[in-house]
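Peer 1: One structure, pasted below without further comment.
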Amino acid sequence: MANTQSMIFTIYGDYIRHYGNKIWIGSLIHLLKEFGHNEQSVRVAVSRMMKQGWLESEKNGNKSYYFMTARGEARIEEAAIRIFKLMPNDWDGKWRILMYTIPEEKRQIRDELRKELLWSGFGSFSNGCWISPNNLEKEVNLLIEKYDIHSYVDFFVSEYKGPQEDRALVEKSWPLQEVADRYQEFISTYSNQFIVHHSMINKGQMSNAECFVERTNLVHEYRKFLFSDPGLPKELLPEIWNGNHAALLFEQYYKLLAQSASQFFEMVFQEGNDMRRKDKMYDADNHPFIID
């Protein structure tokens with residue numbers, strides 16, 4: 001069973017953010033119960049997320065409501081754009097290079113920064129030197145501000161002039177074969193499930209609640225690639241990249257489950273929450289961030 005806090009992030013990212021970014025704790029408990037999480041584990045996870053600066057709360061009568069902080073919203077927005085971007089970007093030919101010398105007494109900041117850089121898609125080229133071919137200037141500036149490390153870092157945007165090919169930098173900085181192996185596992189598991197569920201839905205054998213669970217689990221598993229796949233442009237990927245096949249499978253499976261899953265979410269959400277806050281532009285079948 002997935003970690004409760006991690007599953008809450010998934011549900012905020014794929015559902016709650018389209019409905020005003022706020023939910024009554026009773027509704028959240030109801031939704032998480034579908035995955036086997038009890039009330040106590042949900043309340044503990046929510047409390048932890050507040051301490052970590054991801055969630056805030058407000059009272060309305062005797063009901064407690066929880067919503068993402070600005071930091072939480074920014075993280076979910078970035079994650080959603082990357083999850084639903086199904087094909088690699090074109091490359092502008094430039095490398096973003098972040099170099100730092102953070103002193104030992106600030107080791108905790110250094111460790112946190114490394115995790116953030118990995119999550120954003122940077123690769124560790126050498127000790128204290130991280131690179132990315134993607135336009136991540138905004139993310140880098142936010143990290144420098146967040147950790148107040150102006151005096152310890154240097155940031156460059158430059159071209160690689162050899163003596164090897166650009167792809168040699170990729171081999172040095174990212175374990176792409178490991179990522180490809182993980183994608184293959186995802187494809188093997190979910191292509192079989194997709195066929196089964198496609199047949200069951202056509203025969204009316206899957207409930208809305210089951211579709212909600214399956215769609216949420218699908219997004220939850222697929223978003224794990226944010227921690228390993230740097231989202232390299234097509235010019236730097238192998239000629240046959242199974243990340244593209246995984247993305248297309250994810251899109252088809254997501255759309256298969258989308259309507260029924262959203263109907264279950266709305267059935268739970270309409271009790272104790274304000275349905276008028278739903279984003280008028282949101283359509284579960286045509287996700288705003290799905291970019292073919």
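Identifiers for the structure tokens are assigned positionally: chains receive A, B, ... in sequence, residues are indexed from 1 per chain, and ligands are indexed from 1 in the order shown.
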Contacts of range 227-229 of chain A at 9 Å or less, counting only C-alpha atoms, minus same-chain residues fewer than 5 places along, as a VMD selection string?
Peer 2: chain A and resid 115 118 to 121 174 to 176 178 to 180 243
Peer 1: Residues as selected, N, CA, C and O atoms, written as a PDB file, in the first residue's frame, can you do that?
Peer 2:
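That gives us out-v4.pdb:
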ATOM      1  N   LYS A 115      18.522  16.761  -3.487  1.00  0.00           N
ATOM      2  CA  LYS A 115      17.229  16.113  -3.744  1.00  0.00           C
ATOM      3  C   LYS A 115      16.374  16.959  -4.685  1.00  0.00           C
ATOM      4  O   LYS A 115      15.722  16.444  -5.594  1.00  0.00           O
ATOM      5  N   LEU A 118      17.752  16.777  -8.284  1.00  0.00           N
ATOM      6  CA  LEU A 118      17.378  15.505  -8.906  1.00  0.00           C
ATOM      7  C   LEU A 118      15.923  15.531  -9.345  1.00  0.00           C
ATOM      8  O   LEU A 118      15.575  15.094 -10.444  1.00  0.00           O
ATOM      9  N   TRP A 119      15.054  16.042  -8.474  1.00  0.00           N
ATOM     10  CA  TRP A 119      13.625  16.088  -8.772  1.00  0.00           C
ATOM     11  C   TRP A 119      13.351  16.971  -9.991  1.00  0.00           C
ATOM     12  O   TRP A 119      12.498  16.661 -10.816  1.00  0.00           O
ATOM     13  N   SER A 120      14.092  18.059 -10.124  1.00  0.00           N
ATOM     14  CA  SER A 120      13.890  18.975 -11.253  1.00  0.00           C
ATOM     15  C   SER A 120      14.478  18.441 -12.560  1.00  0.00           C
ATOM     16  O   SER A 120      14.218  18.994 -13.626  1.00  0.00           O
ATOM     17  N   GLY A 121      15.292  17.369 -12.477  1.00  0.00           N
ATOM     18  CA  GLY A 121      15.842  16.764 -13.692  1.00  0.00           C
ATOM     19  C   GLY A 121      17.305  17.058 -13.945  1.00  0.00           C
ATOM     20  O   GLY A 121      17.833  16.731 -15.008  1.00  0.00           O
ATOM     21  N   TRP A 174      23.508  10.747 -16.030  1.00  0.00           N
ATOM     22  CA  TRP A 174      22.244  10.093 -15.691  1.00  0.00           C
ATOM     23  C   TRP A 174      22.318   8.589 -15.973  1.00  0.00           C
ATOM     24  O   TRP A 174      22.859   8.185 -17.003  1.00  0.00           O
ATOM     25  N   PRO A 175      21.762   7.758 -15.091  1.00  0.00           N
ATOM     26  CA  PRO A 175      21.723   6.309 -15.337  1.00  0.00           C
ATOM     27  C   PRO A 175      20.523   5.953 -16.226  1.00  0.00           C
ATOM     28  O   PRO A 175      19.551   5.350 -15.782  1.00  0.00           O
ATOM     29  N   LEU A 176      20.593   6.312 -17.510  1.00  0.00           N
ATOM     30  CA  LEU A 176      19.440   6.162 -18.396  1.00  0.00           C
ATOM     31  C   LEU A 176      18.977   4.715 -18.556  1.00  0.00           C
ATOM     32  O   LEU A 176      17.796   4.457 -18.725  1.00  0.00           O
ATOM     33  N   GLU A 178      18.934   2.422 -16.279  1.00  0.00           N
ATOM     34  CA  GLU A 178      18.077   2.109 -15.113  1.00  0.00           C
ATOM     35  C   GLU A 178      16.683   2.685 -15.311  1.00  0.00           C
ATOM     36  O   GLU A 178      15.675   2.056 -14.981  1.00  0.00           O
ATOM     37  N   VAL A 179      16.616   3.911 -15.831  1.00  0.00           N
ATOM     38  CA  VAL A 179      15.318   4.549 -16.089  1.00  0.00           C
ATOM     39  C   VAL A 179      14.549   3.740 -17.133  1.00  0.00           C
ATOM     40  O   VAL A 179      13.352   3.477 -16.979  1.00  0.00           O
ATOM     41  N   ALA A 180      15.243   3.323 -18.190  1.00  0.00           N
ATOM     42  CA  ALA A 180      14.610   2.522 -19.250  1.00  0.00           C
ATOM     43  C   ALA A 180      14.070   1.201 -18.691  1.00  0.00           C
ATOM     44  O   ALA A 180      12.977   0.752 -19.067  1.00  0.00           O
ATOM     45  N   GLY A 243      10.477   5.327 -22.789  1.00  0.00           N
ATOM     46  CA  GLY A 243       9.726   6.352 -22.056  1.00  0.00           C
ATOM     47  C   GLY A 243       8.582   6.906 -22.897  1.00  0.00           C
ATOM     48  O   GLY A 243       7.513   7.232 -22.373  1.00  0.00           O
TER      49      GLY A 243
END
Peer 1: Extract the full set of strand (DSSP E) residues from range 43-284 of chain A according to DSSP on the backbone, and format it as a VMD selection string.
Peer 2: chain A and resid 55 to 60 63 to 68 95 to 100 123 to 126 129 to 132 153 to 158
Peer 1: If you keep N, CA and C atoms, can you produce a file of those selected residues as a CSV table (one decimal), in the first residue's frame?
Peer 2:
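part_22.csv written:
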chain,number,residue,atom,x,y,z
A,55,LEU,N,0.7,22.1,3.4
A,55,LEU,CA,-0.7,22.3,3.6
A,55,LEU,C,-1.0,23.4,4.6
A,56,GLU,N,-2.1,24.1,4.5
A,56,GLU,CA,-2.6,25.0,5.5
A,56,GLU,C,-4.1,24.6,5.8
A,57,SER,N,-4.6,25.0,6.9
A,57,SER,CA,-6.0,24.7,7.3
A,57,SER,C,-6.8,25.9,7.6
A,58,GLU,N,-8.1,25.7,7.6
A,58,GLU,CA,-9.1,26.7,8.0
A,58,GLU,C,-10.3,26.0,8.6
A,59,LYS,N,-11.0,26.7,9.5
A,59,LYS,CA,-12.2,26.1,10.1
A,59,LYS,C,-13.4,26.8,9.5
A,60,ASN,N,-14.5,26.1,9.3
A,60,ASN,CA,-15.7,26.7,8.8
A,60,ASN,C,-16.8,25.9,9.6
A,63,LYS,N,-16.2,22.2,10.8
A,63,LYS,CA,-15.5,21.5,9.8
A,63,LYS,C,-14.1,22.1,9.6
A,64,SER,N,-13.1,21.2,9.4
A,64,SER,CA,-11.7,21.6,9.1
A,64,SER,C,-11.5,21.3,7.6
A,65,TYR,N,-10.9,22.4,7.0
A,65,TYR,CA,-10.6,22.3,5.5
A,65,TYR,C,-9.1,22.5,5.4
A,66,TYR,N,-8.6,21.8,4.4
A,66,TYR,CA,-7.1,21.8,4.1
A,66,TYR,C,-6.9,22.2,2.6
A,67,PHE,N,-5.9,23.1,2.5
A,67,PHE,CA,-5.5,23.5,1.1
A,67,PHE,C,-4.0,23.6,1.0
A,68,MET,N,-3.5,23.5,-0.2
A,68,MET,CA,-2.1,23.6,-0.5
A,68,MET,C,-1.6,25.0,-0.3
A,95,TRP,N,23.3,24.0,-22.4
A,95,TRP,CA,23.4,23.3,-21.1
A,95,TRP,C,23.3,24.3,-20.0
A,96,ARG,N,22.5,23.9,-19.0
A,96,ARG,CA,22.4,24.7,-17.7
A,96,ARG,C,23.3,24.0,-16.7
A,97,ILE,N,24.3,24.8,-16.2
A,97,ILE,CA,25.3,24.2,-15.3
A,97,ILE,C,25.2,24.9,-13.9
A,98,LEU,N,25.0,24.2,-12.9
A,98,LEU,CA,25.0,24.7,-11.5
A,98,LEU,C,26.1,24.2,-10.8
A,99,MET,N,27.0,25.0,-10.3
A,99,MET,CA,28.2,24.6,-9.5
A,99,MET,C,28.0,25.2,-8.1
A,100,TYR,N,28.3,24.4,-7.1
A,100,TYR,CA,28.3,24.9,-5.7
A,100,TYR,C,29.4,24.4,-4.8
A,123,GLY,N,21.3,16.4,-13.6
A,123,GLY,CA,22.2,15.2,-13.4
A,123,GLY,C,23.5,15.6,-12.8
A,124,SER,N,24.0,14.7,-12.0
A,124,SER,CA,25.3,15.0,-11.3
A,124,SER,C,26.5,14.7,-12.2
A,125,PHE,N,27.0,15.7,-12.8
A,125,PHE,CA,28.1,15.6,-13.8
A,125,PHE,C,29.4,15.2,-13.0
A,126,SER,N,29.6,15.9,-11.9
A,126,SER,CA,30.8,15.7,-11.1
A,126,SER,C,30.5,16.3,-9.7
A,129,CYS,N,28.8,19.7,-9.2
A,129,CYS,CA,28.5,20.3,-10.5
A,129,CYS,C,27.3,19.5,-11.1
A,130,TRP,N,26.2,20.2,-11.4
A,130,TRP,CA,25.0,19.6,-11.9
A,130,TRP,C,24.6,20.2,-13.2
A,131,ILE,N,24.1,19.4,-14.1
A,131,ILE,CA,23.8,19.9,-15.5
A,131,ILE,C,22.4,19.5,-15.9
A,132,SER,N,21.9,20.3,-16.8
A,132,SER,CA,20.6,19.9,-17.5
A,132,SER,C,20.5,20.6,-18.8
A,153,VAL,N,27.0,29.5,-4.9
A,153,VAL,CA,26.7,28.9,-6.1
A,153,VAL,C,27.1,29.8,-7.3
A,154,ASP,N,27.3,29.1,-8.5
A,154,ASP,CA,27.5,29.8,-9.7
A,154,ASP,C,26.6,29.1,-10.8
A,155,PHE,N,26.0,29.8,-11.6
A,155,PHE,CA,25.0,29.2,-12.6
A,155,PHE,C,25.4,29.7,-14.0
A,156,PHE,N,25.5,28.8,-14.9
A,156,PHE,CA,25.9,29.1,-16.3
A,156,PHE,C,24.9,28.5,-17.3
A,157,VAL,N,24.7,29.2,-18.4
A,157,VAL,CA,24.0,28.6,-19.6
A,157,VAL,C,25.0,28.7,-20.7
A,158,SER,N,25.4,27.5,-21.2
A,158,SER,CA,26.5,27.5,-22.2
A,158,SER,C,26.3,26.3,-23.2
Peer 1: Determine the nearest neighbour of Tyr222 in chain A from the options A:Arg167, A:Arg107, A:Lys234, A:Arg82, counting only C-alpha atoms.
Peer 2: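 Closest to Tyr222 in chain A, using only C-alpha atoms: A:Arg82.
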Peer 1: Env of Gly53 in chain A: 8 Å cut, atoms = only C-alpha atoms, seq-sep filter 6 positions within chain, self excluded. Answer as a ChimeraX atom specification.
Peer 2: /A:69,71-72
Peer 1: Residues near Asp92 in chain A, anyone? I mean within 10 Å using only C-alpha atoms, not counting same-chain ones fewer than 3 positions away, as a list in words.
Peer 2: Asn89, Trp95, Pro133, Asn134, Asn135, Glu159, Pro233 and Glu235 of chain A
Peer 1: Write out as a PyMOL selection string the residues lying within 12 Å of Arg17 in chain A, counting only C-alpha atoms and excluding same-chain residues fewer than 4 positions away.
Peer 2: chain A and resi 8-13+21-23+66-69+72-77+80+277-279+282
Peer 1: With N, CA and C atoms kept, could you save the residues just selected as a PDB file, in the first residue's frame?
Peer 2:
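selection_17.pdb, freshly written:
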ATOM      1  N   ILE A   8      -1.853  11.397  -0.686  1.00  0.00           N
ATOM      2  CA  ILE A   8      -2.549  12.688  -0.554  1.00  0.00           C
ATOM      3  C   ILE A   8      -2.030  13.667  -1.611  1.00  0.00           C
ATOM      4  N   PHE A   9      -0.709  13.693  -1.814  1.00  0.00           N
ATOM      5  CA  PHE A   9      -0.132  14.541  -2.861  1.00  0.00           C
ATOM      6  C   PHE A   9      -0.749  14.191  -4.221  1.00  0.00           C
ATOM      7  N   THR A  10      -0.861  12.900  -4.512  1.00  0.00           N
ATOM      8  CA  THR A  10      -1.406  12.467  -5.802  1.00  0.00           C
ATOM      9  C   THR A  10      -2.848  12.935  -5.966  1.00  0.00           C
ATOM     10  N   ILE A  11      -3.656  12.791  -4.917  1.00  0.00           N
ATOM     11  CA  ILE A  11      -5.071  13.173  -4.998  1.00  0.00           C
ATOM     12  C   ILE A  11      -5.223  14.689  -5.113  1.00  0.00           C
ATOM     13  N   TYR A  12      -4.382  15.437  -4.410  1.00  0.00           N
ATOM     14  CA  TYR A  12      -4.412  16.903  -4.581  1.00  0.00           C
ATOM     15  C   TYR A  12      -4.051  17.261  -6.014  1.00  0.00           C
ATOM     16  N   GLY A  13      -3.004  16.628  -6.531  1.00  0.00           N
ATOM     17  CA  GLY A  13      -2.508  16.976  -7.861  1.00  0.00           C
ATOM     18  C   GLY A  13      -3.466  16.604  -8.973  1.00  0.00           C
ATOM     19  N   ASN A  21      -8.744  23.674  -4.862  1.00  0.00           N
ATOM     20  CA  ASN A  21      -7.548  23.395  -4.051  1.00  0.00           C
ATOM     21  C   ASN A  21      -7.847  23.271  -2.556  1.00  0.00           C
ATOM     22  N   LYS A  22      -9.107  22.999  -2.199  1.00  0.00           N
ATOM     23  CA  LYS A  22      -9.439  22.919  -0.781  1.00  0.00           C
ATOM     24  C   LYS A  22     -10.407  21.758  -0.565  1.00  0.00           C
ATOM     25  N   ILE A  23     -10.225  21.023   0.544  1.00  0.00           N
ATOM     26  CA  ILE A  23     -11.109  19.884   0.806  1.00  0.00           C
ATOM     27  C   ILE A  23     -11.371  19.732   2.298  1.00  0.00           C
ATOM     28  N   TYR A  66      -8.578  21.756   4.351  1.00  0.00           N
ATOM     29  CA  TYR A  66      -7.131  21.808   4.095  1.00  0.00           C
ATOM     30  C   TYR A  66      -6.877  22.197   2.643  1.00  0.00           C
ATOM     31  N   PHE A  67      -5.890  23.056   2.457  1.00  0.00           N
ATOM     32  CA  PHE A  67      -5.536  23.491   1.102  1.00  0.00           C
ATOM     33  C   PHE A  67      -4.028  23.617   0.989  1.00  0.00           C
ATOM     34  N   MET A  68      -3.535  23.490  -0.242  1.00  0.00           N
ATOM     35  CA  MET A  68      -2.098  23.576  -0.499  1.00  0.00           C
ATOM     36  C   MET A  68      -1.592  25.002  -0.292  1.00  0.00           C
ATOM     37  N   THR A  69      -0.415  25.120   0.297  1.00  0.00           N
ATOM     38  CA  THR A  69       0.250  26.416   0.399  1.00  0.00           C
ATOM     39  C   THR A  69       0.717  26.840  -1.000  1.00  0.00           C
ATOM     40  N   GLY A  72       3.257  24.435  -2.050  1.00  0.00           N
ATOM     41  CA  GLY A  72       2.666  23.168  -2.460  1.00  0.00           C
ATOM     42  C   GLY A  72       2.026  23.256  -3.831  1.00  0.00           C
ATOM     43  N   GLU A  73       1.313  24.354  -4.086  1.00  0.00           N
ATOM     44  CA  GLU A  73       0.684  24.547  -5.397  1.00  0.00           C
ATOM     45  C   GLU A  73       1.725  24.611  -6.508  1.00  0.00           C
ATOM     46  N   ALA A  74       2.823  25.330  -6.244  1.00  0.00           N
ATOM     47  CA  ALA A  74       3.886  25.461  -7.253  1.00  0.00           C
ATOM     48  C   ALA A  74       4.492  24.095  -7.570  1.00  0.00           C
ATOM     49  N   ARG A  75       4.713  23.266  -6.524  1.00  0.00           N
ATOM     50  CA  ARG A  75       5.291  21.935  -6.728  1.00  0.00           C
ATOM     51  C   ARG A  75       4.336  21.048  -7.534  1.00  0.00           C
ATOM     52  N   ILE A  76       3.058  21.106  -7.202  1.00  0.00           N
ATOM     53  CA  ILE A  76       2.071  20.275  -7.895  1.00  0.00           C
ATOM     54  C   ILE A  76       1.906  20.720  -9.341  1.00  0.00           C
ATOM     55  N   GLU A  77       1.936  22.031  -9.565  1.00  0.00           N
ATOM     56  CA  GLU A  77       1.836  22.558 -10.934  1.00  0.00           C
ATOM     57  C   GLU A  77       3.002  22.060 -11.782  1.00  0.00           C
ATOM     58  N   ALA A  80       2.594  18.325 -12.422  1.00  0.00           N
ATOM     59  CA  ALA A  80       1.520  18.013 -13.379  1.00  0.00           C
ATOM     60  C   ALA A  80       1.963  18.297 -14.806  1.00  0.00           C
ATOM     61  N   ARG A 277     -16.546  25.877  -6.799  1.00  0.00           N
ATOM     62  CA  ARG A 277     -15.132  26.230  -6.959  1.00  0.00           C
ATOM     63  C   ARG A 277     -14.441  25.406  -8.058  1.00  0.00           C
ATOM     64  N   LYS A 278     -15.162  24.475  -8.648  1.00  0.00           N
ATOM     65  CA  LYS A 278     -14.572  23.655  -9.722  1.00  0.00           C
ATOM     66  C   LYS A 278     -14.149  24.553 -10.885  1.00  0.00           C
ATOM     67  N   ASP A 279     -12.972  24.293 -11.417  1.00  0.00           N
ATOM     68  CA  ASP A 279     -12.451  25.035 -12.561  1.00  0.00           C
ATOM     69  C   ASP A 279     -13.331  24.758 -13.781  1.00  0.00           C
ATOM     70  N   TYR A 282     -11.884  22.758 -16.609  1.00  0.00           N
ATOM     71  CA  TYR A 282     -11.388  21.399 -16.364  1.00  0.00           C
ATOM     72  C   TYR A 282     -12.308  20.356 -16.986  1.00  0.00           C
TER      73      TYR A 282
END
Peer 1: Got a sec: who's within 12 Å of range 203-214 of chain A, counting only C-alpha atoms, leaving out chain neighbours fewer than 6 positions off, as a PyMOL selection string?
Peer 2: chain A and resi 2+7+10-11+14-15+30-36+190+193-194+196-197+220-221+250+253-268+284
Peer 1: Could you please take those selected residues and save N, CA and C atoms as an mmCIF file, in the first residue's frame?
Peer 2:
data_model
loop_
_atom_site.group_PDB
_atom_site.id
_atom_site.type_symbol
_atom_site.label_atom_id
_atom_site.label_comp_id
_atom_site.auth_asym_id
_atom_site.auth_seq_id
_atom_site.Cartn_x
_atom_site.Cartn_y
_atom_site.Cartn_z
ATOM 1 N N ALA A 2 0.505 2.226 -0.824
ATOM 2 C CA ALA A 2 1.302 3.452 -0.943
ATOM 3 C C ALA A 2 1.266 4.256 0.359
ATOM 4 N N MET A 7 0.151 9.540 -1.218
ATOM 5 C CA MET A 7 -1.141 9.393 -1.898
ATOM 6 C C MET A 7 -1.963 10.678 -1.806
ATOM 7 N N THR A 10 -0.861 12.900 -4.512
ATOM 8 C CA THR A 10 -1.406 12.467 -5.802
ATOM 9 C C THR A 10 -2.848 12.935 -5.966
ATOM 10 N N ILE A 11 -3.656 12.791 -4.917
ATOM 11 C CA ILE A 11 -5.071 13.173 -4.998
ATOM 12 C C ILE A 11 -5.223 14.689 -5.113
ATOM 13 N N ASP A 14 -4.151 15.470 -8.832
ATOM 14 C CA ASP A 14 -4.978 14.995 -9.937
ATOM 15 C C ASP A 14 -6.453 15.350 -9.794
ATOM 16 N N TYR A 15 -6.891 15.732 -8.598
ATOM 17 C CA TYR A 15 -8.308 16.034 -8.401
ATOM 18 C C TYR A 15 -8.532 17.391 -7.716
ATOM 19 N N HIS A 30 -12.621 9.882 3.454
ATOM 20 C CA HIS A 30 -13.459 8.988 2.634
ATOM 21 C C HIS A 30 -12.688 8.517 1.398
ATOM 22 N N LEU A 31 -12.036 9.455 0.706
ATOM 23 C CA LEU A 31 -11.291 9.111 -0.514
ATOM 24 C C LEU A 31 -10.132 8.165 -0.216
ATOM 25 N N LEU A 32 -9.379 8.456 0.853
ATOM 26 C CA LEU A 32 -8.200 7.630 1.180
ATOM 27 C C LEU A 32 -8.594 6.242 1.678
ATOM 28 N N LYS A 33 -9.815 6.133 2.223
ATOM 29 C CA LYS A 33 -10.293 4.829 2.698
ATOM 30 C C LYS A 33 -10.370 3.830 1.539
ATOM 31 N N GLU A 34 -10.597 4.326 0.319
ATOM 32 C CA GLU A 34 -10.677 3.454 -0.857
ATOM 33 C C GLU A 34 -9.357 2.726 -1.109
ATOM 34 N N PHE A 35 -8.262 3.261 -0.563
ATOM 35 C CA PHE A 35 -6.931 2.653 -0.764
ATOM 36 C C PHE A 35 -6.445 1.913 0.482
ATOM 37 N N GLY A 36 -7.327 1.822 1.500
ATOM 38 C CA GLY A 36 -6.967 1.094 2.714
ATOM 39 C C GLY A 36 -6.339 1.949 3.810
ATOM 40 N N TYR A 190 1.296 -2.372 -16.721
ATOM 41 C CA TYR A 190 0.094 -1.593 -17.021
ATOM 42 C C TYR A 190 -0.507 -1.871 -18.399
ATOM 43 N N GLN A 193 -2.934 -4.639 -17.523
ATOM 44 C CA GLN A 193 -4.079 -4.118 -16.773
ATOM 45 C C GLN A 193 -4.997 -3.292 -17.679
ATOM 46 N N PHE A 194 -4.393 -2.538 -18.593
ATOM 47 C CA PHE A 194 -5.181 -1.707 -19.501
ATOM 48 C C PHE A 194 -6.129 -2.565 -20.331
ATOM 49 N N VAL A 196 -7.294 -5.587 -19.658
ATOM 50 C CA VAL A 196 -8.333 -6.164 -18.784
ATOM 51 C C VAL A 196 -9.396 -5.124 -18.444
ATOM 52 N N HIS A 197 -8.954 -3.930 -18.029
ATOM 53 C CA HIS A 197 -9.911 -2.903 -17.609
ATOM 54 C C HIS A 197 -10.701 -2.342 -18.787
ATOM 55 N N HIS A 220 -0.168 7.756 -9.551
ATOM 56 C CA HIS A 220 0.780 7.636 -8.433
ATOM 57 C C HIS A 220 2.042 6.896 -8.876
ATOM 58 N N GLU A 221 1.861 5.814 -9.621
ATOM 59 C CA GLU A 221 3.024 5.048 -10.105
ATOM 60 C C GLU A 221 3.794 5.825 -11.169
ATOM 61 N N PHE A 250 0.249 5.474 -20.697
ATOM 62 C CA PHE A 250 -0.303 6.254 -19.584
ATOM 63 C C PHE A 250 -1.475 7.101 -20.069
ATOM 64 N N TYR A 253 -4.600 4.885 -20.943
ATOM 65 C CA TYR A 253 -5.167 4.286 -19.733
ATOM 66 C C TYR A 253 -5.860 5.363 -18.894
ATOM 67 N N TYR A 254 -5.210 6.521 -18.778
ATOM 68 C CA TYR A 254 -5.761 7.630 -17.996
ATOM 69 C C TYR A 254 -7.123 8.044 -18.569
ATOM 70 N N LYS A 255 -7.190 8.189 -19.900
ATOM 71 C CA LYS A 255 -8.441 8.630 -20.530
ATOM 72 C C LYS A 255 -9.533 7.564 -20.414
ATOM 73 N N LEU A 256 -9.137 6.299 -20.421
ATOM 74 C CA LEU A 256 -10.110 5.213 -20.255
ATOM 75 C C LEU A 256 -10.837 5.325 -18.906
ATOM 76 N N LEU A 257 -10.098 5.680 -17.860
ATOM 77 C CA LEU A 257 -10.639 5.713 -16.498
ATOM 78 C C LEU A 257 -11.193 7.080 -16.095
ATOM 79 N N ALA A 258 -10.863 8.113 -16.883
ATOM 80 C CA ALA A 258 -11.035 9.502 -16.433
ATOM 81 C C ALA A 258 -12.452 9.856 -15.989
ATOM 82 N N GLN A 259 -13.450 9.636 -16.854
ATOM 83 C CA GLN A 259 -14.808 10.104 -16.546
ATOM 84 C C GLN A 259 -15.384 9.426 -15.310
ATOM 85 N N SER A 260 -15.284 8.104 -15.267
ATOM 86 C CA SER A 260 -15.855 7.358 -14.135
ATOM 87 C C SER A 260 -15.156 7.719 -12.829
ATOM 88 N N ALA A 261 -13.822 7.878 -12.885
ATOM 89 C CA ALA A 261 -13.058 8.250 -11.687
ATOM 90 C C ALA A 261 -13.491 9.619 -11.188
ATOM 91 N N SER A 262 -13.656 10.572 -12.099
ATOM 92 C CA SER A 262 -14.055 11.928 -11.700
ATOM 93 C C SER A 262 -15.473 11.952 -11.142
ATOM 94 N N GLN A 263 -16.337 11.110 -11.677
ATOM 95 C CA GLN A 263 -17.703 11.043 -11.149
ATOM 96 C C GLN A 263 -17.708 10.561 -9.700
ATOM 97 N N PHE A 264 -16.846 9.571 -9.400
ATOM 98 C CA PHE A 264 -16.767 9.106 -8.010
ATOM 99 C C PHE A 264 -16.209 10.216 -7.112
ATOM 100 N N PHE A 265 -15.144 10.886 -7.578
ATOM 101 C CA PHE A 265 -14.571 11.973 -6.780
ATOM 102 C C PHE A 265 -15.628 13.034 -6.488
ATOM 103 N N GLU A 266 -16.401 13.421 -7.495
ATOM 104 C CA GLU A 266 -17.411 14.471 -7.308
ATOM 105 C C GLU A 266 -18.524 14.013 -6.370
ATOM 106 N N MET A 267 -18.879 12.738 -6.423
ATOM 107 C CA MET A 267 -19.900 12.221 -5.506
ATOM 108 C C MET A 267 -19.460 12.388 -4.057
ATOM 109 N N VAL A 268 -18.175 12.089 -3.800
ATOM 110 C CA VAL A 268 -17.639 12.237 -2.436
ATOM 111 C C VAL A 268 -17.460 13.717 -2.099
ATOM 112 N N ALA A 284 -12.049 16.145 -17.405
ATOM 113 C CA ALA A 284 -11.227 14.957 -17.097
ATOM 114 C C ALA A 284 -10.790 14.211 -18.345
#
Peer 1: Which is closest to Phe225 in chain A among A:Asp148, A:Asp181, A:Glu239, A:Asp90, if we use only C-alpha atoms?
Peer 2: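 Closest to Phe225 in chain A, using only C-alpha atoms: A:Asp181.
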Peer 1: Identify all residues of range 21-190 of chain A in helix (DSSP H, G or I) (DSSP on the backbone) and supply them as a PyMOL selection string.
Peer 2: chain A and resi 25-33+39-51+70-83+104-120+137-147+150-152+166-173+176-190
Peer 1: Which residues come within 12 Å of Ser188 in chain A, counting only C-alpha atoms, excluding same-chain residues fewer than 6 positions away, as a ChimeraX atom specification?
Peer 2: /A:181-182,194-195,242,245-246,249
Peer 1: Please determine, counting only C-alpha atoms, which residue among A:Tyr19, A:Val42, A:Trp24, A:Ser173 has the shortest atom-to-atom distance to Gln5 in chain A.
Peer 2: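 Comparing A:Tyr19, A:Val42, A:Trp24, A:Ser173 against Gln5 in chain A, the winner is A:Val42.
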Peer 1: When you draw a straight line from CA of Ile109 in chain A to CA of Tyr152 in chain A, how long is it in Å?
Peer 2: 11.4 Å
Peer 1: Quick one: pull the distance between CA of His198 in chain A and CA of Ile16 in chain A, Å, one decimal.
Peer 2: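 According to the coordinates, CA of His198 in chain A and CA of Ile16 in chain A are separated by 25.8 Å.
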Peer 1: Which value, in Å to one decimal, gives the distance between CA of Val44 in chain A and CA of Asn62 in chain A?
Peer 2: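 Distance reported for this atom pair: 19.1 Å.
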Peer 1: Using only C-alpha atoms, can you tell me which of A:Asn127, A:Asn217, A:Asn244, A:Gln40 comes closest to Gln184 in chain A?
Peer 2: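 Using only C-alpha atoms, the shortest distance to Gln184 in chain A belongs to A:Asn244.
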